[in-house]
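Visitor: My structure is stored as entry.csv, with CSV, C-alpha atoms and all ligand atoms.
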chain,number,residue,atom,x,y,z
A,124,MET,CA,0.0,0.0,0.0
A,125,MET,CA,1.3,3.4,-0.9
A,126,ASP,CA,0.7,6.4,1.3
A,127,ILE,CA,-0.8,9.4,-0.4
A,128,ALA,CA,-2.1,12.8,0.9
A,129,ILE,CA,-5.3,14.2,-0.5
A,130,PHE,CA,-6.3,17.8,0.0
A,131,TRP,CA,-8.5,20.5,-1.3
A,132,HIS,CA,-8.0,24.2,-2.1
A,133,LYS,CA,-7.7,27.2,0.3
A,134,PHE,CA,-11.0,28.9,1.1
A,135,PRO,CA,-12.9,25.7,0.6
A,136,ASP,CA,-16.5,25.0,-0.5
A,137,THR,CA,-18.6,21.8,-0.1
A,138,ASP,CA,-17.6,20.3,-3.5
A,139,CYS,CA,-13.9,20.3,-2.8
A,140,ILE,CA,-14.3,18.8,0.6
A,141,CYS,CA,-16.8,16.1,-0.3
A,142,SER,CA,-14.7,15.3,-3.4
A,143,SER,CA,-11.5,14.9,-1.4
A,144,LEU,CA,-13.2,12.4,0.9
A,145,ILE,CA,-14.7,10.6,-2.1
A,146,PHE,CA,-11.4,10.5,-4.0
A,147,ALA,CA,-9.6,9.1,-0.9
A,148,ASP,CA,-12.2,6.3,-0.8
A,149,TYR,CA,-11.6,5.7,-4.5
A,150,LEU,CA,-7.9,5.4,-4.0
A,151,SER,CA,-8.3,3.0,-1.1
A,152,ASN,CA,-9.7,0.6,-3.8
A,153,LYS,CA,-6.5,1.0,-5.7
A,154,TRP,CA,-3.8,-0.1,-3.3
A,155,TYR,CA,-3.3,3.3,-1.8
A,156,ASN,CA,-3.4,4.3,1.8
A,157,PRO,CA,-4.9,7.8,1.5
A,158,LYS,CA,-5.1,10.5,4.2
A,159,VAL,CA,-7.3,13.5,3.7
A,160,TYR,CA,-6.2,17.0,4.9
A,161,LYS,CA,-7.6,20.5,4.7
A,162,LEU,CA,-5.7,23.7,4.1
A,163,TRP,CA,-8.3,25.9,5.7
A,164,SER,CA,-11.2,25.8,8.1
A,165,LEU,CA,-14.6,24.6,6.9
A,166,ASN,CA,-17.5,26.8,6.0
A,167,ASN,CA,-20.7,26.3,8.0
A,168,GLU,CA,-22.5,24.4,5.2
A,169,THR,CA,-19.8,21.7,5.0
A,170,ALA,CA,-19.4,21.5,8.8
A,171,TYR,CA,-23.2,20.8,9.0
A,172,LEU,CA,-23.0,18.1,6.3
A,173,LEU,CA,-20.0,16.3,7.8
A,174,ASN,CA,-21.6,16.4,11.2
A,175,MET,CA,-24.9,15.0,9.7
A,176,LEU,CA,-23.0,12.1,8.0
A,177,ASN,CA,-20.8,11.5,11.1
A,178,ILE,CA,-17.6,12.2,9.3
A,179,ASP,CA,-14.5,13.4,11.2
A,180,VAL,CA,-13.2,16.8,10.2
A,181,PRO,CA,-9.7,16.3,8.6
A,182,GLU,CA,-6.6,17.9,10.1
A,183,THR,CA,-5.5,21.3,8.8
A,184,ILE,CA,-2.0,21.6,7.3
A,185,THR,CA,0.0,24.3,5.5
A,186,THR,CA,2.9,22.2,4.2
A,187,LEU,CA,3.8,18.5,4.0
A,188,PRO,CA,7.2,16.9,4.1
A,189,PRO,CA,9.2,17.0,0.8
A,190,TRP,CA,8.4,14.2,-1.6
A,191,THR,CA,5.1,13.3,0.0
A,192,ARG,CA,2.9,11.8,-2.7
A,193,VAL,CA,-0.2,14.0,-3.1
A,194,GLY,CA,-3.5,14.3,-5.0
A,195,ILE,CA,-5.1,17.7,-5.3
A,196,ILE,CA,-8.8,18.0,-5.7
A,197,ASP,CA,-11.1,20.7,-7.2
A,198,HIS,CA,-8.2,23.0,-8.1
A,199,ASN,CA,-5.0,23.1,-10.0
A,200,GLU,CA,-3.6,26.6,-9.6
A,201,LYS,CA,-0.5,27.1,-7.5
A,202,VAL,CA,-1.9,30.1,-5.7
A,203,GLN,CA,-4.8,28.1,-4.5
A,204,THR,CA,-2.9,25.0,-3.2
A,205,ILE,CA,-0.6,23.9,-0.5
A,206,ASP,CA,2.4,26.3,0.1
A,207,ASN,CA,5.2,23.9,-0.7
A,208,ILE,CA,3.6,22.1,-3.7
A,209,ASP,CA,6.9,22.4,-5.6
A,210,GLU,CA,8.6,20.1,-3.1
A,211,LEU,CA,5.9,17.4,-3.3
A,212,ASP,CA,5.3,14.5,-5.6
A,213,LEU,CA,2.1,15.5,-7.3
A,214,GLU,CA,0.4,12.4,-8.6
A,215,TYR,CA,-3.2,13.2,-9.2
A,216,ILE,CA,-5.4,16.2,-10.1
A,217,ILE,CA,-9.1,15.8,-10.2
A,218,ASP,CA,-10.8,19.0,-11.2
A,219,HIS,CA,-13.4,20.9,-13.2
A,220,HIS,CA,-11.8,24.4,-13.5
A,221,LYS,CA,-9.7,26.2,-16.0
A,222,PHE,CA,-6.1,24.8,-16.1
A,223,SER,CA,-2.8,26.5,-15.4
A,224,VAL,CA,-0.5,23.6,-14.6
A,225,ASN,CA,2.8,23.1,-16.1
A,226,THR,CA,4.8,20.2,-14.8
A,227,ASN,CA,8.1,18.6,-15.9
A,228,TYR,CA,6.9,15.1,-14.9
A,229,PRO,CA,3.9,12.9,-15.8
A,230,LEU,CA,0.9,12.7,-13.6
A,231,PHE,CA,-2.7,11.6,-13.6
A,232,ILE,CA,-5.2,14.4,-14.5
A,233,ARG,CA,-8.9,14.0,-14.9
A,234,ALA,CA,-11.0,17.0,-15.5
A,235,GLU,CA,-14.3,17.5,-17.2
A,236,LYS,CA,-16.7,20.4,-17.9
A,237,LEU,CA,-19.2,19.3,-15.3
A,238,CYS,CA,-20.8,21.3,-12.4
A,239,SER,CA,-18.8,19.6,-9.7
A,240,THR,CA,-15.7,17.5,-9.2
A,241,ALA,CA,-18.0,15.0,-7.5
A,242,SER,CA,-19.7,14.4,-10.9
A,243,VAL,CA,-16.3,13.6,-12.4
A,244,LEU,CA,-15.6,11.2,-9.5
A,245,TYR,CA,-19.0,9.5,-9.9
A,246,LYS,CA,-18.0,8.7,-13.5
A,247,MET,CA,-14.7,7.3,-12.4
A,248,TYR,CA,-16.4,4.9,-9.9
A,249,ILE,CA,-18.8,3.7,-12.6
A,250,GLU,CA,-16.0,3.2,-15.2
A,251,ASN,CA,-14.0,1.2,-12.7
A,252,SER,CA,-17.0,-0.7,-11.3
A,253,LEU,CA,-15.9,0.1,-7.8
A,254,PRO,CA,-18.1,-0.6,-4.8
A,255,ILE,CA,-19.6,2.6,-3.2
A,256,THR,CA,-21.1,3.0,0.2
A,257,LYS,CA,-24.3,5.1,0.9
A,258,LYS,CA,-22.1,7.7,2.6
A,259,ILE,CA,-20.1,8.2,-0.5
A,260,TRP,CA,-23.2,8.4,-2.7
A,261,THR,CA,-24.6,11.0,-0.3
A,262,LEU,CA,-21.3,13.0,-0.4
A,263,MET,CA,-21.5,13.0,-4.2
A,264,LEU,CA,-25.1,14.2,-4.4
A,265,SER,CA,-24.5,16.9,-1.7
A,266,ALA,CA,-21.5,18.2,-3.7
A,267,ILE,CA,-23.4,18.3,-7.0
A,268,LEU,CA,-26.4,20.1,-5.4
A,269,SER,CA,-24.2,22.5,-3.6
A,270,ASP,CA,-21.8,23.4,-6.4
A,271,SER,CA,-24.7,23.8,-8.9
A,272,LEU,CA,-27.0,25.6,-6.4
A,273,VAL,CA,-29.5,22.8,-7.1
A,274,PHE,CA,-29.0,23.2,-10.8
A,275,ARG,CA,-29.5,27.0,-10.9
A,276,SER,CA,-25.9,27.8,-11.6
A,277,ALA,CA,-24.8,28.3,-15.2
A,278,THR,CA,-22.2,25.6,-14.8
A,279,THR,CA,-24.9,22.9,-14.6
A,280,THR,CA,-24.9,20.4,-17.5
A,281,LYS,CA,-27.4,17.8,-18.6
A,282,GLU,CA,-24.9,15.1,-17.5
A,283,ASP,CA,-24.9,16.5,-13.9
A,284,ILE,CA,-28.6,16.3,-13.7
A,285,ILE,CA,-28.7,12.7,-15.0
A,286,ILE,CA,-26.0,11.8,-12.4
A,287,ALA,CA,-28.0,13.5,-9.6
A,288,GLU,CA,-31.2,11.6,-10.7
A,289,GLU,CA,-29.3,8.3,-10.5
A,290,LEU,CA,-28.0,9.3,-7.1
A,291,LYS,CA,-31.5,10.1,-6.0
A,292,GLU,CA,-32.6,6.5,-6.6
A,293,ILE,CA,-29.7,5.2,-4.5
A,294,THR,CA,-29.7,7.7,-1.6
A,295,TRP,CA,-33.5,8.1,-1.4
A,296,ILE,CA,-33.0,11.8,-1.2
A,297,ASN,CA,-36.0,12.6,-3.2
A,298,ASP,CA,-36.5,16.3,-2.7
A,299,PHE,CA,-33.2,18.1,-3.5
A,300,LYS,CA,-34.4,21.5,-2.4
A,301,GLU,CA,-35.6,20.3,0.9
A,302,PHE,CA,-32.4,18.4,1.5
A,303,MET,CA,-30.2,21.5,0.6
A,304,ASN,CA,-32.3,24.0,2.6
A,305,PRO,CA,-30.6,23.5,6.0
A,306,LEU,CA,-27.2,23.4,4.3
A,307,PHE,CA,-27.8,26.7,2.5
A,308,GLU,CA,-29.1,28.1,5.7
A,309,ALA,CA,-26.0,26.9,7.6
A,310,LYS,CA,-23.8,28.5,4.9
A,311,SER,CA,-25.7,31.8,5.3
A,312,ASP,CA,-25.5,31.7,9.0
A,313,LEU,CA,-23.0,34.5,9.0
A,314,TRP,CA,-24.1,36.5,12.0
A,315,GLU,CA,-21.6,35.1,14.3
A,316,ILE,CA,-18.7,35.3,11.9
A,317,SER,CA,-16.3,38.3,12.0
A,318,ILE,CA,-15.6,40.1,8.8
A,319,GLU,CA,-12.0,38.8,9.0
A,320,ASP,CA,-13.3,35.2,8.8
A,321,LEU,CA,-16.2,36.0,6.5
A,322,ILE,CA,-13.9,37.2,3.8
A,323,LYS,CA,-11.8,34.0,4.0
A,324,TYR,CA,-14.7,32.0,2.6
A,325,ASP,CA,-14.6,31.3,-1.0
A,326,TYR,CA,-11.9,33.7,-2.0
A,327,LYS,CA,-9.7,32.8,-5.0
A,328,GLU,CA,-6.7,34.4,-6.5
A,329,PHE,CA,-6.0,34.0,-10.2
A,330,GLU,CA,-3.0,34.9,-12.3
A,331,VAL,CA,-3.7,36.5,-15.7
A,332,ALA,CA,-0.8,37.8,-17.8
A,333,TRP,CA,1.4,38.0,-14.6
A,334,LYS,CA,-1.2,40.1,-12.9
A,335,LYS,CA,-2.8,38.8,-9.7
A,336,LEU,CA,-6.6,39.1,-9.3
A,337,GLY,CA,-8.5,38.4,-6.1
A,338,VAL,CA,-12.2,37.4,-6.5
A,339,TRP,CA,-14.7,36.4,-3.9
A,340,SER,CA,-18.0,34.7,-4.4
A,341,LEU,CA,-19.9,34.8,-1.1
A,342,GLU,CA,-23.0,32.7,-1.6
A,343,THR,CA,-25.7,33.4,0.9
A,344,VAL,CA,-29.5,33.5,1.4
A,345,ASN,CA,-28.9,36.5,3.7
A,346,PRO,CA,-27.0,39.2,1.7
A,347,SER,CA,-28.0,42.0,4.0
A,348,TYR,CA,-25.5,41.0,6.7
A,349,ALA,CA,-22.5,41.2,4.4
A,350,LEU,CA,-23.8,44.4,2.8
A,351,SER,CA,-24.3,46.0,6.2
A,352,LYS,CA,-20.6,45.5,6.8
A,353,LYS,CA,-19.5,47.1,3.5
A,354,ASP,CA,-17.2,49.7,5.0
A,355,GLU,CA,-15.4,47.1,7.1
A,356,ILE,CA,-15.1,44.9,4.0
A,357,LEU,CA,-13.7,47.7,1.9
A,358,LYS,CA,-11.0,48.3,4.5
A,359,TRP,CA,-10.0,44.6,4.3
A,360,LEU,CA,-10.0,44.7,0.5
A,361,GLU,CA,-7.7,47.7,0.6
A,362,ASP,CA,-5.3,46.0,3.0
A,363,LEU,CA,-5.3,42.7,1.0
A,364,LYS,CA,-4.9,44.5,-2.3
A,365,ASN,CA,-1.7,46.2,-1.1
A,366,LYS,CA,-0.3,43.3,0.9
A,367,SER,CA,-0.7,40.7,-1.8
A,368,SER,CA,0.1,43.1,-4.7
A,369,LEU,CA,-3.1,42.4,-6.4
A,370,GLU,CA,-3.9,44.2,-9.7
A,371,PHE,CA,-7.6,43.9,-9.1
A,372,ILE,CA,-10.0,42.9,-6.3
A,373,MET,CA,-13.7,42.4,-6.0
A,374,LEU,CA,-16.1,40.7,-3.6
A,375,SER,CA,-19.4,39.4,-4.9
A,376,ILE,CA,-22.3,38.7,-2.6
A,377,VAL,CA,-24.3,36.1,-4.3
A,378,ASP,CA,-27.9,35.9,-3.2
A,379,ILE,CA,-28.7,32.3,-4.0
A,380,PHE,CA,-32.4,32.6,-3.1
A,381,TRP,CA,-33.2,35.6,-5.3
A,382,GLU,CA,-30.4,34.8,-7.8
A,383,ASN,CA,-28.7,38.1,-7.7
A,384,ASN,CA,-25.1,39.2,-7.5
A,385,THR,CA,-24.2,42.5,-5.7
A,386,THR,CA,-20.5,43.2,-6.0
A,387,ILE,CA,-18.4,45.4,-3.7
A,388,VAL,CA,-15.7,47.3,-5.6
A,389,LEU,CA,-12.8,49.0,-3.9
A,390,ASP,CA,-11.6,52.0,-5.9
A,391,TRP,CA,-11.9,53.9,-9.2
A,392,VAL,CA,-9.4,51.6,-10.9
A,393,ASP,CA,-11.3,48.5,-10.2
A,394,SER,CA,-14.6,50.3,-10.9
A,395,LYS,CA,-13.4,51.0,-14.4
A,396,VAL,CA,-12.7,47.3,-14.9
A,397,VAL,CA,-16.1,46.2,-13.5
A,398,GLU,CA,-18.0,48.7,-15.5
A,399,GLU,CA,-16.4,47.8,-18.7
A,400,VAL,CA,-16.3,44.0,-18.2
A,401,PHE,CA,-19.8,43.6,-16.8
A,402,ASP,CA,-21.6,46.5,-18.5
A,403,THR,CA,-22.8,48.0,-15.3
A,404,LYS,CA,-22.4,51.2,-13.1
A,405,VAL,CA,-20.5,51.3,-9.8
A,406,GLU,CA,-22.2,53.5,-7.2
A,407,ASN,CA,-21.1,53.9,-3.6
A,408,ASN,CA,-18.6,51.0,-4.2
A,409,LEU,CA,-21.5,48.7,-5.3
A,410,ALA,CA,-22.3,47.1,-8.7
A,411,ASN,CA,-25.3,45.1,-9.7
A,412,LEU,CA,-24.0,42.1,-11.6
A,413,LYS,CA,-27.5,40.7,-11.9
A,414,ASN,CA,-27.8,36.9,-12.2
A,415,ARG,CA,-24.1,36.1,-12.5
A,416,LEU,CA,-24.1,33.3,-9.9
A,417,SER,CA,-21.1,31.4,-11.3
A,418,ARG,CA,-17.7,32.9,-10.8
A,419,LYS,CA,-16.2,30.1,-12.9
A,420,LYS,CA,-18.4,30.8,-16.0
A,421,GLN,CA,-19.7,34.3,-15.7
A,422,ILE,CA,-16.9,36.2,-13.9
A,423,ILE,CA,-13.5,34.7,-14.4
A,424,PRO,CA,-13.5,34.2,-18.2
A,425,GLN,CA,-14.7,37.7,-18.7
A,426,LEU,CA,-12.0,39.2,-16.4
A,427,THR,CA,-9.4,36.9,-18.0
A,428,ASP,CA,-10.2,38.3,-21.5
A,429,TYR,CA,-10.0,41.8,-20.2
A,430,PHE,CA,-6.6,41.5,-18.5
A,431,ASN,CA,-5.2,39.5,-21.4
A,432,LYS,CA,-5.9,42.4,-23.7
A,501,MN,MN,-16.1,22.5,-7.5
Could you render the structure as structure tokens?
Ligand SMILES: [Mn+2]

Guide:
Amino acid sequence: MMDIAIFWHKFPDTDCICSSLIFADYLSNKWYNPKVYKLWSLNNETAYLLNMLNIDVPETITTLPPWTRVGIIDHNEKVQTIDNIDELDLEYIIDHHKFSVNTNYPLFIRAEKLCSTASVLYKMYIENSLPITKKIWTLMLSAILSDSLVFRSATTTKEDIIIAEELKEITWINDFKEFMNPLFEAKSDLWEISIEDLIKYDYKEFEVAWKKLGVWSLETVNPSYALSKKDEILKWLEDLKNKSSLEFIMLSIVDIFWENNTTIVLDWVDSKVVEEVFDTKVENNLANLKNRLSRKKQIIPQLTDYFNK
């Protein structure tokens, strides 16, 4: 049995966590002895789910010993992964994002244009005729429903819906909305969270033409809380922009109930970008990005085009 460490990206969401647990199970069928780690604390939605399924929360790490064999899940960009990735033996990437990897050694990569990494893993189990427990089926379905916002996100494909329908038969989770409601509510339970912690959720940095962009997508059914903290958030954005030498920064508050995106924009430089890219007006540091729920499909490609010009 070969030891391997499996982990998910910084600022985690439910898909990456479920998918890491699922992939560890997958590898244990393949003569591996996998151990799952996390790079950051859980959000409330995922904490609720793991608790419901009686799954232990994995240990947090920031680095691993050199030459540790690793598999990274639901991400592939250096800025989003473990700090010492260059010292590790990267063996697997399972993902569904845009790619920016460049290695000088071979590895296993599986990525598809599906709404969640869990959908990709579902297909891998089926292709390999591996046994699956009900817990794993449930993790798959939860990740698909969470990442696709119950199929409302623009990233949802027909294949994801077919997979979810198959999982419905097996898990007996018949009403997707009813199943996800407490999870979405847990995710939106932001009242106790300080702004410092709040802005750690679902933040991603991207590199375009050697420029670093910081983009949040804060999914909630309760946008008024984050909006009421706008001034505090702006201060954080300013600090982070300077500290991390970011070219651009924006924080989207995505109302997953009313399907609306209100974005906080820091300064006139970023306002110019947002107004041009998303054809909107910035007033009092706020821009209405309408129904852009998906950062991956409706925000990042557009920003990438802009900064590549
Ligand atoms: Mn994902």

Visitor: Would you mind reading off the distance between atom CA of A:Thr294 and atom CA of A:Ile255, one decimal, in Å?

Guide: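 We find that atom CA of A:Thr294 and atom CA of A:Ile255 lie 11.4 Å from each other.
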
Visitor: Please identify all protein, DNA and RNA residues within 7 Å of ligand MN 501 (chain A), counting all atoms listed in the file, and report them as number ranges by chain.

Guide: A: 138-139, 197, 219, 238-240, 270

Visitor: In Å to one decimal, how far is atom CA of A:Glu235 from atom CA of A:Lys161?

Guide: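 Value for the atom CA of A:Lys161-atom CA of A:Glu235 distance: 23.1 Å.
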
Visitor: My list of candidates is A:Tyr149, A:Lys366, A:Pro135, A:Glu382. Which is closest to A:Pro254 when distances are computed with all atoms listed in the file?

Guide: A:Tyr149

Visitor: Please identify all polymer residues within 12 Å of A:Leu363, counting all atoms listed in the file, omitting same-chain residues fewer than 4 positions from it, and present them as a ChimeraX atom specification.

Guide: /A:319,322-323,326,328,335-338,356-359,367-374,389

Visitor: Which residue out of A:Val331, A:Leu173, A:Ile379, A:Leu321 has the minimum interatomic distance to A:Asn431 when all atoms listed in the file are used?

Guide: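 Distance minimum relative to A:Asn431 lands on A:Val331.
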
Visitor: Hey, which of A:Lys419, A:Lys327, A:Lys432, A:His132 ends up closest to A:Lys236? Count only C-alpha atoms.

Guide: A:Lys419

Visitor: Let me make sure I understand: among A:Val405, A:Val377, A:Met247, A:Ala147, which one has the smallest atom-to-atom distance to A:Asp393 if we use only C-alpha atoms?

Guide: A:Val405

Visitor: Using only C-alpha atoms, which protein or nucleic acid residues come within 9 Å of stretch 228-231 of chain A? Drop anything in the same chain fewer than 6 positions from it, and give the result as JSON, numbers by chain.

Guide: {"A": [213, 214, 215, 216, 217]}

Visitor: Could you tell me which of A:Val224, A:Leu416, A:Leu162, A:Ile232 comes closest to A:Arg275 if we count only C-alpha atoms?

Guide: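 Closest residue, counting only C-alpha atoms: A:Leu416.
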
Visitor: In the coordinates of the file, take the point (-1.8, 8.0, 2.0) and a cut-off of 10 Å; then, counting all atoms listed in the file, name each qualifying protein, DNA or RNA residue as a list in words.

Guide: Met124, Met125, Asp126, Ile127, Ala128, Ile129, Ala147, Leu150, Ser151, Trp154, Tyr155, Asn156, Pro157, Lys158, Val159, Thr191, Arg192, Val193 and Gly194 of chain A

Visitor: Nearest to A:Leu272 among A:Ile316, A:Val392, A:Ile296, A:Met303, with distances taken over only C-alpha atoms: which residue is it?

Guide: A:Met303

Visitor: Find the spatial neighbours of A:Leu187, counting only C-alpha atoms, within a cut-off of 8 Å - ignore same-chain residues fewer than 3 positions away - and output them as a list in words.

Guide: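 Contacts, in chain order: Ile184, Thr191, Asn207 and Leu211 of chain A.
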
Visitor: If you measure from atom CA of A:Asp209 to atom CA of A:Lys133, what distance in Å do you get, rounded to one decimal?

Guide: 16.5 Å
